[in-house]
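A.B. asks: Below is target-v6.pdb; it holds PDB, C-alpha atoms and all ligand atoms.
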ATOM      1  CA  MET A 841     -38.192 296.141 110.176
ATOM      2  CA  ASP A 842     -36.212 294.260 112.824
ATOM      3  CA  LEU A 843     -38.435 291.410 113.969
ATOM      4  CA  LEU A 844     -36.482 291.197 117.247
ATOM      5  CA  ILE A 845     -36.146 287.421 117.187
ATOM      6  CA  GLU A 846     -32.396 287.198 116.608
ATOM      7  CA  GLY A 847     -30.911 284.356 118.665
ATOM      8  CA  LYS A 848     -34.253 282.693 119.357
ATOM      9  CA  VAL A 849     -34.501 278.921 118.879
ATOM     10  CA  ALA A 850     -37.046 277.680 116.322
ATOM     11  CA  LEU A 851     -38.112 274.148 115.509
ATOM     12  CA  VAL A 852     -39.740 273.869 112.093
ATOM     13  CA  PHE A 853     -41.396 270.591 111.124
ATOM     14  CA  GLY A 854     -41.863 269.460 107.531
ATOM     15  CA  ALA A 855     -38.933 271.646 106.578
ATOM     16  CA  SER A 856     -36.892 269.576 104.120
ATOM     17  CA  ALA A 857     -38.934 271.018 101.243
ATOM     18  CA  GLY A 858     -41.681 273.394 100.225
ATOM     19  CA  LEU A 859     -43.352 275.742 102.659
ATOM     20  CA  GLY A 860     -41.533 274.503 105.766
ATOM     21  CA  LYS A 861     -38.159 274.923 104.092
ATOM     22  CA  ALA A 862     -39.029 278.455 102.986
ATOM     23  CA  ILE A 863     -40.152 279.331 106.522
ATOM     24  CA  ALA A 864     -36.878 277.950 107.899
ATOM     25  CA  ALA A 865     -34.884 280.063 105.423
ATOM     26  CA  SER A 866     -36.822 283.196 106.280
ATOM     27  CA  LEU A 867     -36.276 282.688 110.022
ATOM     28  CA  VAL A 868     -32.549 282.134 109.467
ATOM     29  CA  GLN A 869     -32.458 285.510 107.687
ATOM     30  CA  GLU A 870     -33.815 287.025 110.899
ATOM     31  CA  GLY A 871     -30.961 285.558 112.900
ATOM     32  CA  VAL A 872     -33.012 282.735 114.421
ATOM     33  CA  ARG A 873     -31.280 279.441 115.253
ATOM     34  CA  VAL A 874     -33.445 277.079 113.239
ATOM     35  CA  ILE A 875     -33.684 273.320 113.625
ATOM     36  CA  ILE A 876     -35.471 271.573 110.778
ATOM     37  CA  ALA A 877     -37.222 268.205 110.993
ATOM     38  CA  SER A 878     -38.818 265.759 108.578
ATOM     39  CA  ARG A 879     -38.422 262.114 107.462
ATOM     40  CA  ASN A 880     -35.740 262.163 104.796
ATOM     41  CA  ARG A 881     -32.196 262.691 106.107
ATOM     42  CA  GLU A 882     -30.660 263.420 102.693
ATOM     43  CA  ARG A 883     -33.242 266.046 101.839
ATOM     44  CA  LEU A 884     -32.811 267.546 105.301
ATOM     45  CA  LYS A 885     -29.057 267.852 104.774
ATOM     46  CA  GLN A 886     -29.636 269.618 101.466
ATOM     47  CA  ALA A 887     -32.224 271.887 103.077
ATOM     48  CA  MET A 888     -29.814 272.693 105.901
ATOM     49  CA  ALA A 889     -27.193 273.777 103.401
ATOM     50  CA  ALA A 890     -29.725 275.796 101.414
ATOM     51  CA  THR A 891     -31.362 277.548 104.364
ATOM     52  CA  GLY A 892     -28.563 277.945 106.904
ATOM     53  CA  ALA A 893     -30.438 275.993 109.580
ATOM     54  CA  VAL A 894     -28.196 274.996 112.483
ATOM     55  CA  ASP A 895     -29.393 271.422 112.851
ATOM     56  CA  HIS A 896     -31.683 268.760 111.449
ATOM     57  CA  LEU A 897     -33.570 265.882 113.046
ATOM     58  CA  THR A 898     -35.396 263.045 111.355
ATOM     59  CA  VAL A 899     -38.948 262.308 112.381
ATOM     60  CA  ASP A 900     -42.006 260.627 110.937
ATOM     61  CA  LEU A 901     -45.005 262.519 112.255
ATOM     62  CA  GLN A 902     -47.264 259.625 111.243
ATOM     63  CA  VAL A 903     -45.825 257.779 114.233
ATOM     64  CA  GLU A 904     -47.531 258.646 117.505
ATOM     65  CA  GLY A 905     -45.031 260.013 120.016
ATOM     66  CA  ALA A 906     -42.285 260.703 117.453
ATOM     67  CA  GLY A 907     -42.832 264.477 117.337
ATOM     68  CA  PRO A 908     -42.467 265.025 121.111
ATOM     69  CA  GLU A 909     -39.165 263.107 121.072
ATOM     70  CA  VAL A 910     -37.784 265.642 118.595
ATOM     71  CA  VAL A 911     -39.057 268.516 120.720
ATOM     72  CA  GLN A 912     -37.284 267.041 123.752
ATOM     73  CA  GLU A 913     -34.046 266.591 121.778
ATOM     74  CA  VAL A 914     -34.089 270.262 120.819
ATOM     75  CA  ILE A 915     -34.807 271.372 124.386
ATOM     76  CA  ASP A 916     -32.004 269.159 125.730
ATOM     77  CA  LYS A 917     -29.503 270.431 123.162
ATOM     78  CA  TYR A 918     -30.464 274.116 122.841
ATOM     79  CA  GLY A 919     -32.075 274.744 126.235
ATOM     80  CA  ALA A 920     -35.290 276.134 124.774
ATOM     81  CA  ILE A 921     -37.822 276.245 122.023
ATOM     82  CA  ASP A 922     -38.997 279.802 121.468
ATOM     83  CA  ILE A 923     -40.705 279.304 118.128
ATOM     84  CA  LEU A 924     -42.557 276.176 117.034
ATOM     85  CA  VAL A 925     -43.841 275.740 113.491
ATOM     86  CA  THR A 926     -46.015 272.680 112.918
ATOM     87  CA  ASN A 927     -46.193 271.425 109.353
ATOM     88  CA  THR A 928     -46.327 268.056 107.634
ATOM     89  CA  GLY A 929     -47.072 266.385 104.325
ATOM     90  CA  GLY A 930     -50.486 266.928 102.816
ATOM     91  CA  PRO A 931     -53.172 264.209 102.988
ATOM     92  CA  PRO A 932     -54.215 262.164  99.974
ATOM     93  CA  ASN A 933     -56.942 263.623  97.790
ATOM     94  CA  GLY A 934     -60.296 261.861  97.700
ATOM     95  CA  PHE A 935     -64.037 262.200  97.845
ATOM     96  CA  PHE A 936     -65.906 260.910 100.904
ATOM     97  CA  THR A 937     -66.623 257.439  99.527
ATOM     98  CA  ASP A 938     -62.959 256.947  98.541
ATOM     99  CA  ILE A 939     -61.668 257.139 102.116
ATOM    100  CA  ASP A 940     -61.698 254.235 104.558
ATOM    101  CA  ASN A 941     -61.196 254.250 108.328
ATOM    102  CA  ASP A 942     -57.501 253.408 108.150
ATOM    103  CA  VAL A 943     -56.803 256.479 106.017
ATOM    104  CA  TRP A 944     -58.874 258.675 108.347
ATOM    105  CA  LYS A 945     -56.923 257.394 111.357
ATOM    106  CA  ASP A 946     -53.537 257.851 109.655
ATOM    107  CA  GLN A 947     -54.386 261.362 108.626
ATOM    108  CA  TYR A 948     -55.784 262.209 112.060
ATOM    109  CA  GLN A 949     -52.329 261.367 113.404
ATOM    110  CA  ASN A 950     -50.599 263.276 110.600
ATOM    111  CA  LEU A 951     -52.658 266.459 110.580
ATOM    112  CA  VAL A 952     -54.230 266.743 114.042
ATOM    113  CA  LEU A 953     -52.499 264.618 116.647
ATOM    114  CA  SER A 954     -48.960 265.457 115.512
ATOM    115  CA  PRO A 955     -49.377 269.213 116.088
ATOM    116  CA  VAL A 956     -51.221 268.542 119.351
ATOM    117  CA  GLU A 957     -48.372 266.316 120.544
ATOM    118  CA  VAL A 958     -45.532 268.689 119.684
ATOM    119  CA  ILE A 959     -47.312 271.730 121.081
ATOM    120  CA  ARG A 960     -47.959 269.856 124.332
ATOM    121  CA  ALA A 961     -44.278 268.936 124.507
ATOM    122  CA  ALA A 962     -42.992 272.468 123.819
ATOM    123  CA  LEU A 963     -45.482 274.425 125.905
ATOM    124  CA  PRO A 964     -43.959 273.950 129.399
ATOM    125  CA  VAL A 965     -40.660 275.515 128.256
ATOM    126  CA  MET A 966     -42.486 278.462 126.705
ATOM    127  CA  GLN A 967     -44.530 278.867 129.884
ATOM    128  CA  ARG A 968     -41.389 278.856 132.045
ATOM    129  CA  GLN A 969     -39.755 281.537 129.927
ATOM    130  CA  GLN A 970     -43.032 283.471 129.512
ATOM    131  CA  TRP A 971     -42.437 283.810 125.781
ATOM    132  CA  GLY A 972     -43.439 281.596 122.914
ATOM    133  CA  ARG A 973     -44.694 281.629 119.355
ATOM    134  CA  ILE A 974     -46.618 278.712 117.875
ATOM    135  CA  LEU A 975     -47.602 278.685 114.235
ATOM    136  CA  LEU A 976     -49.614 275.932 112.551
ATOM    137  CA  VAL A 977     -49.330 275.560 108.788
ATOM    138  CA  THR A 978     -52.778 274.407 107.671
ATOM    139  CA  SER A 979     -54.663 275.346 104.476
ATOM    140  CA  VAL A 980     -57.417 277.540 103.062
ATOM    141  CA  THR A 981     -59.501 274.347 103.177
ATOM    142  CA  ALA A 982     -59.841 274.999 106.915
ATOM    143  CA  ARG A 983     -62.171 277.878 106.039
ATOM    144  CA  GLU A 984     -63.505 276.915 102.618
ATOM    145  CA  PRO A 985     -63.799 273.264 101.587
ATOM    146  CA  ILE A 986     -62.325 272.318  98.209
ATOM    147  CA  ALA A 987     -64.042 269.506  96.277
ATOM    148  CA  GLY A 988     -62.060 266.264  96.449
ATOM    149  CA  LEU A 989     -59.914 267.339  99.405
ATOM    150  CA  THR A 990     -62.249 265.775 101.980
ATOM    151  CA  ILE A 991     -59.636 264.900 104.587
ATOM    152  CA  SER A 992     -58.081 268.328 104.448
ATOM    153  CA  ASN A 993     -61.505 270.020 104.595
ATOM    154  CA  VAL A 994     -62.468 268.111 107.737
ATOM    155  CA  LEU A 995     -59.287 267.878 109.777
ATOM    156  CA  ARG A 996     -57.814 271.300 109.087
ATOM    157  CA  ALA A 997     -61.049 272.979 110.153
ATOM    158  CA  GLY A 998     -60.705 271.154 113.471
ATOM    159  CA  LEU A 999     -57.267 272.669 113.996
ATOM    160  CA  LEU A1000     -58.794 276.139 113.992
ATOM    161  CA  GLY A1001     -60.653 275.058 117.144
ATOM    162  CA  LEU A1002     -57.331 274.130 118.698
ATOM    163  CA  VAL A1003     -55.859 277.530 117.840
ATOM    164  CA  LYS A1004     -58.822 279.348 119.371
ATOM    165  CA  SER A1005     -58.975 277.184 122.498
ATOM    166  CA  LEU A1006     -55.284 277.199 123.315
ATOM    167  CA  SER A1007     -54.649 280.839 122.437
ATOM    168  CA  ASN A1008     -57.045 281.925 125.175
ATOM    169  CA  GLU A1009     -55.371 279.655 127.723
ATOM    170  CA  VAL A1010     -51.820 280.916 127.158
ATOM    171  CA  ALA A1011     -52.175 284.517 125.955
ATOM    172  CA  SER A1012     -51.428 285.967 129.405
ATOM    173  CA  GLN A1013     -48.114 284.088 129.386
ATOM    174  CA  ASN A1014     -46.890 285.948 126.299
ATOM    175  CA  ILE A1015     -47.403 282.877 124.129
ATOM    176  CA  THR A1016     -49.213 283.291 120.838
ATOM    177  CA  ILE A1017     -50.705 280.591 118.647
ATOM    178  CA  ASN A1018     -51.913 281.265 115.131
ATOM    179  CA  ALA A1019     -52.775 279.305 112.007
ATOM    180  CA  LEU A1020     -51.345 280.134 108.632
ATOM    181  CA  LEU A1021     -53.653 279.174 105.762
ATOM    182  CA  PRO A1022     -51.737 278.810 102.504
ATOM    183  CA  GLY A1023     -53.640 279.091  99.280
ATOM    184  CA  TYR A1024     -52.284 277.491  96.111
ATOM    185  CA  THR A1025     -48.529 277.918  96.483
ATOM    186  CA  LYS A1026     -45.925 276.718  94.006
ATOM    187  CA  THR A1027     -44.081 273.947  95.845
ATOM    188  CA  GLN A1028     -42.940 270.583  94.527
ATOM    189  CA  ARG A1029     -46.085 269.028  96.035
ATOM    190  CA  LEU A1030     -48.283 271.247  93.920
ATOM    191  CA  ILE A1031     -46.246 270.517  90.803
ATOM    192  CA  ASP A1032     -46.415 266.762  91.540
ATOM    193  CA  LEU A1033     -50.208 266.917  91.873
ATOM    194  CA  HIS A1034     -50.345 267.838  88.142
ATOM    195  CA  LEU A1035     -53.217 270.257  88.701
ATOM    196  CA  ASP A1036     -54.534 272.407  85.898
ATOM    197  CA  GLU A1037     -52.606 275.563  86.767
ATOM    198  CA  GLU A1038     -54.452 277.759  84.299
ATOM    199  CA  LYS A1039     -57.829 276.721  85.725
ATOM    200  CA  ILE A1040     -56.654 277.238  89.319
ATOM    201  CA  CYS A1041     -55.225 280.659  88.553
ATOM    202  CA  GLY A1042     -58.601 281.583  87.079
ATOM    203  CA  GLU A1043     -60.106 281.059  90.553
ATOM    204  CA  ILE A1044     -57.508 283.221  92.291
ATOM    205  CA  PRO A1045     -58.145 286.983  92.186
ATOM    206  CA  ALA A1046     -54.377 287.595  92.028
ATOM    207  CA  GLY A1047     -54.354 285.431  88.880
ATOM    208  CA  ARG A1048     -51.276 283.444  89.897
ATOM    209  CA  LEU A1049     -49.960 280.902  92.375
ATOM    210  CA  GLY A1050     -48.263 282.099  95.531
ATOM    211  CA  THR A1051     -44.578 281.566  96.211
ATOM    212  CA  PRO A1052     -43.271 279.777  99.315
ATOM    213  CA  GLU A1053     -41.279 282.917 100.124
ATOM    214  CA  GLU A1054     -44.425 285.069 100.295
ATOM    215  CA  LEU A1055     -45.884 282.698 102.883
ATOM    216  CA  ALA A1056     -42.575 282.479 104.725
ATOM    217  CA  HIS A1057     -42.258 286.244 105.220
ATOM    218  CA  LEU A1058     -45.725 286.287 106.772
ATOM    219  CA  ALA A1059     -44.743 283.357 108.996
ATOM    220  CA  SER A1060     -41.651 285.200 110.226
ATOM    221  CA  PHE A1061     -43.711 288.237 111.116
ATOM    222  CA  LEU A1062     -46.299 286.154 112.983
ATOM    223  CA  VAL A1063     -43.606 284.628 115.196
ATOM    224  CA  SER A1064     -41.876 287.952 115.803
ATOM    225  CA  GLU A1065     -41.735 290.037 118.938
ATOM    226  CA  GLN A1066     -43.809 292.695 117.165
ATOM    227  CA  ALA A1067     -46.648 290.239 116.541
ATOM    228  CA  GLY A1068     -47.082 289.644 120.276
ATOM    229  CA  TYR A1069     -50.655 290.988 120.258
ATOM    230  CA  ILE A1070     -51.759 288.731 117.386
ATOM    231  CA  THR A1071     -53.076 285.430 118.696
ATOM    232  CA  GLY A1072     -55.881 282.987 117.984
ATOM    233  CA  GLN A1073     -55.960 284.102 114.354
ATOM    234  CA  MET A1074     -56.305 282.227 111.083
ATOM    235  CA  ILE A1075     -54.422 284.148 108.469
ATOM    236  CA  ALA A1076     -54.550 283.210 104.811
ATOM    237  CA  CYS A1077     -51.881 283.925 102.226
ATOM    238  CA  ASP A1078     -53.904 283.092  99.141
ATOM    239  CA  GLY A1079     -54.006 285.877  96.549
ATOM    240  CA  GLY A1080     -57.634 286.528  97.554
ATOM    241  CA  TYR A1081     -58.810 282.926  97.055
ATOM    242  CA  LEU A1082     -61.024 282.910 100.178
ATOM    243  CA  ARG A1083     -64.112 284.940  99.348
ATOM    244  CA  GLY A1084     -65.750 285.112 102.792
ATOM    245  CA  TYR A1085     -64.930 287.519 105.634
TER     246      TYR A1085
HETATM  247  N1  LIG B1101     -48.413 274.060  98.478
HETATM  248  C1  LIG B1101     -49.679 274.403  98.574
HETATM  249  O1  LIG B1101     -50.263 274.966  97.647
HETATM  250  C2  LIG B1101     -50.439 274.164  99.857
HETATM  251  C3  LIG B1101     -51.675 274.795 100.023
HETATM  252  C4  LIG B1101     -52.385 274.570 101.179
HETATM  253  C5  LIG B1101     -51.895 273.725 102.151
HETATM  254  N2  LIG B1101     -50.696 273.114 101.948
HETATM  255  C6  LIG B1101     -50.236 272.188 102.982
HETATM  256  O2  LIG B1101     -49.048 272.683 103.571
HETATM  257  C7  LIG B1101     -48.218 271.586 103.947
HETATM  258  C8  LIG B1101     -46.863 271.728 103.270
HETATM  259  O3  LIG B1101     -47.080 271.781 101.887
HETATM  260  P1  LIG B1101     -45.878 271.784 100.831
HETATM  261  O4  LIG B1101     -46.477 272.217  99.552
HETATM  262  O5  LIG B1101     -44.711 272.475 101.394
HETATM  263  O6  LIG B1101     -45.601 270.210 100.743
HETATM  264  P2  LIG B1101     -44.249 269.439 100.349
HETATM  265  O7  LIG B1101     -43.481 270.231  99.360
HETATM  266  O8  LIG B1101     -44.705 268.065 100.003
HETATM  267  O9  LIG B1101     -43.425 269.400 101.724
HETATM  268  C9  LIG B1101     -43.885 268.636 102.801
HETATM  269  C10 LIG B1101     -42.823 268.584 103.870
HETATM  270  O10 LIG B1101     -43.295 267.786 104.938
HETATM  271  C11 LIG B1101     -42.387 266.695 105.164
HETATM  272  N3  LIG B1101     -43.184 265.541 105.554
HETATM  273  C12 LIG B1101     -44.080 264.861 104.796
HETATM  274  N4  LIG B1101     -44.606 263.850 105.490
HETATM  275  C13 LIG B1101     -44.016 263.881 106.720
HETATM  276  C14 LIG B1101     -44.138 263.080 107.883
HETATM  277  N5  LIG B1101     -44.961 262.019 107.936
HETATM  278  N6  LIG B1101     -43.371 263.376 108.968
HETATM  279  C15 LIG B1101     -42.530 264.429 108.930
HETATM  280  N7  LIG B1101     -42.380 265.230 107.867
HETATM  281  C16 LIG B1101     -43.120 264.953 106.763
HETATM  282  C17 LIG B1101     -41.624 266.525 103.860
HETATM  283  O11 LIG B1101     -40.301 266.059 104.050
HETATM  284  P3  LIG B1101     -39.813 264.528 104.084
HETATM  285  O12 LIG B1101     -40.252 263.928 102.804
HETATM  286  O13 LIG B1101     -38.344 264.676 104.271
HETATM  287  O14 LIG B1101     -40.497 263.922 105.274
HETATM  288  C18 LIG B1101     -41.528 267.970 103.400
HETATM  289  O15 LIG B1101     -40.446 268.615 104.024
HETATM  290  C19 LIG B1101     -48.955 270.309 103.504
HETATM  291  O16 LIG B1101     -49.690 269.813 104.597
HETATM  292  C20 LIG B1101     -49.888 270.819 102.418
HETATM  293  O17 LIG B1101     -51.015 270.012 102.262
HETATM  294  C21 LIG B1101     -49.959 273.311 100.829
END
For this file, produce the structure as structure tokens.
C.D. replies:
Amino acid sequence: MDLLIEGKVALVFGASAGLGKAIAASLVQEGVRVIIASRNRERLKQAMAATGAVDHLTVDLQVEGAGPEVVQEVIDKYGAIDILVTNTGGPPNGFFTDIDNDVWKDQYQNLVLSPVEVIRAALPVMQRQQWGRILLVTSVTAREPIAGLTISNVLRAGLLGLVKSLSNEVASQNITINALLPGYTKTQRLIDLHLDEEKICGEIPAGRLGTPEELAHLASFLVSEQAGYITGQMIACDGGYLRGY
């Protein structure tokens, strides 16, 4: 299927590795001009070579105001942002009593305020051109809390409210906003967490971890022309992990 997004400009955050990098690669395969952004310039260069992205920009989304600067750079250089994918590093694990106010505030910036800021910065261009696709990479924890992932359970659920609120405000302008909820997916982050893979796979009906590419193909479809009637949705790619409707 031709996704009809050839030549569009996409900005993908958190794209030097893992899920963001896979999404960037998948969009490049569709002929999209992809700009990738994250903190580490060396890793970004390697990711650019591996994915075929046209450009890379360094940004630390933990810093308030840094994300919108990158959005503006892309608009100034490429004249538009058609597709915006928000993604960043995962929060630290921890039970409620492990987490102090400073960590909550940092992670509020990382997980909530950074997508809010970059969406706010990109929206006027999308509104002018009456076309836009916004995709938030969140987690299955947004719908089903996982023990010991307190920050993720709380803040990612809040983002679903953002998706629902904003989607209704901009749907008539041909702008969609959806959340992608990855289940356990084999990225370096997951490997580094040293989780008990056998135990996790026992909780997943598919009996295995997902691959970044499986999530990335779904992401490409959700930002396609054909997905123009899909908005305000929270779509999991989780091998059946979420049990509820
Ligand atoms: N993998 C899974 O199973 C899974 C499941 C559910 C949800 N998620 C969530 O999905 C997101 C991506 O996961 P992943 O597995 O792809 O993680 P990953 O392999 O650790 O990749 C994270 C990406 O975000 C960038 N990044 C980290 N902190 C950043 C910051 N402060 N500012 C800008 N960029 C930053 C990293 O690049 P630099 O180091 O270059 O900045 C990297 O490109 C995370 O939020 C994770 O919690 C993952």
A.B. asks: How many Å lie between atom CA of Lys1039 of chain A and atom CA of Asp938 of chain A, rounded to one decimal?
C.D. replies: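 A separation of 24.1 Å between them.
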A.B. asks: Atom CA of Leu1082 of chain A and atom O9 of ligand LIG 1101 (chain B) are how many Å apart?
C.D. replies: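 Between atom CA of Leu1082 of chain A and atom O9 of ligand LIG 1101 (chain B) the gap is 22.2 Å.
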A.B. asks: What are the centre and edge lengths in Å, to one decimal, of the axis-aligned box around all listed atoms of ligand LIG 1101 (chain B) with 6 Å added on each side, as JSON?
C.D. replies:
{"center_x": -45.4, "center_y": 268.5, "center_z": 103.3, "size_x": 26.0, "size_y": 24.9, "size_z": 23.3}
A.B. asks: Distance atom CA of Ser856 of chain A-atom CA of Met1074 of chain A, one decimal place?
C.D. replies: 24.2 Å
A.B. asks: Check which residues of segment 994-1025 of chain A sit at most 8 Å from segment 1052-1069 of chain A using all atoms listed in the file, and return one row each with the closest pair of atoms and their distance in Å to one decimal, ordered by chain and rising number, as a Markdown table.
C.D. replies:
| residue | atom | partner | partner_atom | distance |
| --- | --- | --- | --- | --- |
| A:Asn1014 | CA | A:Gly1068 | CA | 7.1 |
| A:Ile1015 | CA | A:Gly1068 | CA | 7.8 |
| A:Thr1016 | CA | A:Gly1068 | CA | 6.7 |
| A:Asn1018 | CA | A:Leu1062 | CA | 7.7 |
| A:Leu1020 | CA | A:Ala1059 | CA | 7.4 |
| A:Pro1022 | CA | A:Leu1055 | CA | 7.0 |
| A:Thr1025 | CA | A:Pro1052 | CA | 6.3 |
A.B. asks: If you count all atoms listed in the file, which residues end up within 9 Å of ligand LIG 1101 (chain B), as a PyMOL selection string?
C.D. replies: chain A and resi 853-862+876-884+887+898-903+906-907+927-932+950-951+954+977-981+992+1021-1032+1049-1052+1078
A.B. asks: Of the candidates A:Asp922, A:Asp916, A:Asp842, A:Glu984, which one gets nearest to Val874 of chain A if we count only C-alpha atoms?
C.D. replies: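 Nearest to Val874 of chain A: A:Asp922.
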A.B. asks: Quick one: of A:Lys848, A:Arg873, A:Arg968, A:Arg960, who's nearest to Gly905 of chain A, counting all atoms listed in the file?
C.D. replies: A:Arg960
A.B. asks: Carefully work through the PyMOL selection byres (((chain A and resi 924) around 10) and not hetatm) for this structure and note down the residues it includes, as a list in words.
C.D. replies: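 Applying the PyMOL selection byres (((chain A and resi 924) around 10) and not hetatm) to the structure shown produces Val849, Ala850, Leu851, Val852, Phe853, Val874, Ile875, Val911, Ile921, Asp922, Ile923, Val925, Thr926, Asn927, Pro955, Val958, Ile959, Ala962, Leu963, Met966, Gly972, Arg973, Ile974, Leu975, Leu976, Ile1017 and Val1063 of chain A.
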A.B. asks: Need the shell around Val868 of chain A: protein/DNA/RNA residues with any atom at most 7 Å away, counting all atoms listed in the file. Skip same-chain ones fewer than 3 positions apart. Format as a PyMOL selection string?
C.D. replies: chain A and resi 864-865+871-874+891-893
A.B. asks: For the PyMOL selection byres (((chain A and resi 934) around 6) and not hetatm), applied here, can you spell out every residue it catches as a ChimeraX atom specification?
C.D. replies: /A:933,935,938,988-989
